[in-house]
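Accompanying notes for the structure given below.
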Amino acid sequence: MQKVVVKKITRCSHENTHELMRIFTALFTAYGPQGWWPAQTKFEVIVGAILTQNTNWGNVERAISNLRSAEVLTPEAMWALTQDQLAELIRPAGYFNVKAKRLRNFLEYLFNNYGGGETNLTSFLKQDTAALRTELLSINGVGPETADSILLYAARKAVFVVDAYTKRILTRHSFIGEDAGYAEMQALFMDNLEDDQILFNEYHALIVMTGKDYCKTKKPFCGECPLGSFLKA
DNA sequence: TGCCAGGCCGGGT
DNA sequence: ACCCGGCATGGC
């Protein structure tokens, strides 16, 4: 059957599409396929998405390692912990009290509405994208980036994840204004690129990789970055 | 040493 | 509708 795409957009343009793909190609050439998310299960993706909020991934890995050693990387096992026990295990990830609460908020939602467990977690993630996003955002401690990370990397939906690096890259190369919000930046990608879960997966991962290397807050522009050679500063 | 990291919430304007 | 302080560890 012929696929008819009726994507309705305001700022869709071939030029935007072209530039966004040039950026992707430059990053992909520099770093290669990333194969995100670095996790063994969907639940581990969700846990990592919450733990990495404003936090270095290396610290998150320590926390995940603690959880794995304690054999609590399943919804049931984690839910059986007290908040203080959970907080102690995730201490290396920072903000451990708020994050323990946020993990429990997610688990509470899952058990109340889906009965918990890996099987029911799968059915939770299998919903259509808009409904799942709304449900995720209703959980206290799950904001736009965390929700979209779960949608893209756990539910494998074609959703573009925006983060601090994305904003820096877009603003420093004058793609978007300093005042641009999350939705505006997400629309720039999603309105100008085909819905492609694989592309969005690699694209976000590559932005993070180059961001870690070159896009620090105190570094307004870096010509060494894979994008430096052809994008305007 | 101080700055930074793959945000989000709640209270105050 | 913004704006801002709080949350916290570990690496460089």
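Starting from 1 in every chain, residues are counted up; chains themselves are A, B, ... following the order of the structure tokens, and ligands are numbered from 1 as listed.
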So that I can check the surroundings of DC8 in chain B, please list as a list of chain:residue names every protein, DNA and RNA residue that reaches within 12 Å of it, counting only C-alpha atoms (C1' of nucleotides) and ignoring chain neighbours fewer than 3 positions away.
A:Ile50, A:Leu51, A:Thr52, A:Gln53, A:Asn54, A:Tyr95, A:Val98, A:Lys99, A:Arg102, A:Leu137, A:Ile139, A:Asn140, A:Gly141, A:Val142, A:Gly143, A:Pro144, A:Glu145, A:Thr146, A:Ala147, C:DG6, C:DC7
Could you please take those selected residues and save N, CA and C atoms (P, O5', C5', C4', C3', O3' and C1' of nucleotides) as a short mmCIF file (atom, residue, chain, number, x, y, z; two decimals), in the first residue's frame?
```
data_model
loop_
_atom_site.label_atom_id
_atom_site.label_comp_id
_atom_site.auth_asym_id
_atom_site.auth_seq_id
_atom_site.Cartn_x
_atom_site.Cartn_y
_atom_site.Cartn_z
N ILE A 50 16.12 8.40 34.55
CA ILE A 50 15.84 9.21 35.74
C ILE A 50 17.13 9.55 36.46
N LEU A 51 18.03 8.59 36.57
CA LEU A 51 19.26 8.83 37.32
C LEU A 51 20.17 9.85 36.64
N THR A 52 20.11 9.95 35.32
CA THR A 52 21.05 10.82 34.61
C THR A 52 20.57 12.27 34.53
N GLN A 53 19.47 12.59 35.17
CA GLN A 53 18.99 13.97 35.16
C GLN A 53 20.06 14.91 35.73
N ASN A 54 20.54 15.80 34.91
CA ASN A 54 21.58 16.78 35.29
C ASN A 54 22.78 16.10 35.95
N TYR A 95 21.89 13.72 43.93
CA TYR A 95 20.45 13.99 44.17
C TYR A 95 19.74 12.71 44.58
N VAL A 98 15.98 12.80 46.01
CA VAL A 98 14.91 13.12 45.06
C VAL A 98 14.77 12.02 44.00
N LYS A 99 15.90 11.45 43.59
CA LYS A 99 15.83 10.42 42.55
C LYS A 99 15.23 9.12 43.08
N ARG A 102 11.67 9.75 42.88
CA ARG A 102 11.18 9.75 41.50
C ARG A 102 11.09 8.33 40.94
N LEU A 137 4.55 11.95 31.54
CA LEU A 137 4.67 13.32 32.04
C LEU A 137 3.81 13.55 33.28
N ILE A 139 3.79 11.66 35.78
CA ILE A 139 4.53 11.15 36.93
C ILE A 139 5.47 12.24 37.45
N ASN A 140 5.38 12.54 38.72
CA ASN A 140 6.22 13.58 39.31
C ASN A 140 7.69 13.16 39.26
N GLY A 141 8.48 13.99 38.60
CA GLY A 141 9.90 13.69 38.46
C GLY A 141 10.25 13.26 37.05
N VAL A 142 9.24 13.08 36.21
CA VAL A 142 9.47 12.77 34.80
C VAL A 142 9.08 13.98 33.97
N GLY A 143 10.07 14.68 33.44
CA GLY A 143 9.85 15.85 32.60
C GLY A 143 10.00 15.48 31.14
N PRO A 144 10.02 16.48 30.26
CA PRO A 144 10.05 16.23 28.82
C PRO A 144 11.22 15.36 28.36
N GLU A 145 12.43 15.67 28.82
CA GLU A 145 13.56 14.90 28.31
C GLU A 145 13.54 13.45 28.82
N THR A 146 13.22 13.29 30.08
CA THR A 146 13.16 11.93 30.63
C THR A 146 12.06 11.13 29.94
N ALA A 147 10.91 11.74 29.74
CA ALA A 147 9.79 11.06 29.07
C ALA A 147 10.19 10.67 27.65
P DG C 6 19.03 27.85 48.04
"O5'" DG C 6 18.54 26.35 47.78
"C5'" DG C 6 17.24 25.97 48.21
"C4'" DG C 6 16.97 24.54 47.77
"C3'" DG C 6 18.14 23.58 48.00
"O3'" DG C 6 17.68 22.49 48.79
"C1'" DG C 6 17.32 23.40 45.78
P DC C 7 18.65 21.53 49.51
"O5'" DC C 7 18.72 20.27 48.51
"C5'" DC C 7 17.54 19.52 48.24
"C4'" DC C 7 17.79 18.66 47.04
"C3'" DC C 7 19.11 17.85 47.09
"O3'" DC C 7 18.80 16.51 46.77
"C1'" DC C 7 18.86 18.90 45.04
#
```
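Within 10 Å of chain A, and using only C-alpha atoms (C1' of nucleotides), the residues found on chain C are DC7, DA8, DT9, DG10 and DG11 of chain C.
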May I have the residues within 12 Å of Leu227 in chain A as a count of residues only, using only C-alpha atoms (C1' of nucleotides) and disregarding those fewer than 3 positions away in the same chain?
30
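Straight-line separation from CA of Lys42 in chain A to CA of Phe189 in chain A: 24.8 Å.
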Output as a PyMOL selection string all residues of range 4-179 of chain A that backbone DSSP marks as helix (DSSP H, G or I).
chain A and resi 14-31+42-51+57-69+75-79+83-89+91-93+96-114+117-125+129-137+144-154+164-172
Extract, using only C-alpha atoms (C1' of nucleotides), all DNA, RNA and protein residues at most 12 Å from DG11 in chain B, discarding same-chain residues fewer than 6 positions from it, and format them as a list in words.
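Once the nearby chain positions are removed, what remains is DC3, DC4, DG5 and DG6 of chain C.
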Counting only C-alpha atoms (C1' of nucleotides), which residues of chain B come no farther than 10 Å from chain A, as a list in words?
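Interface list for chain B against chain A: DC3, DC4, DA5, DG6, DG7, DC8 and DC9 of chain B.
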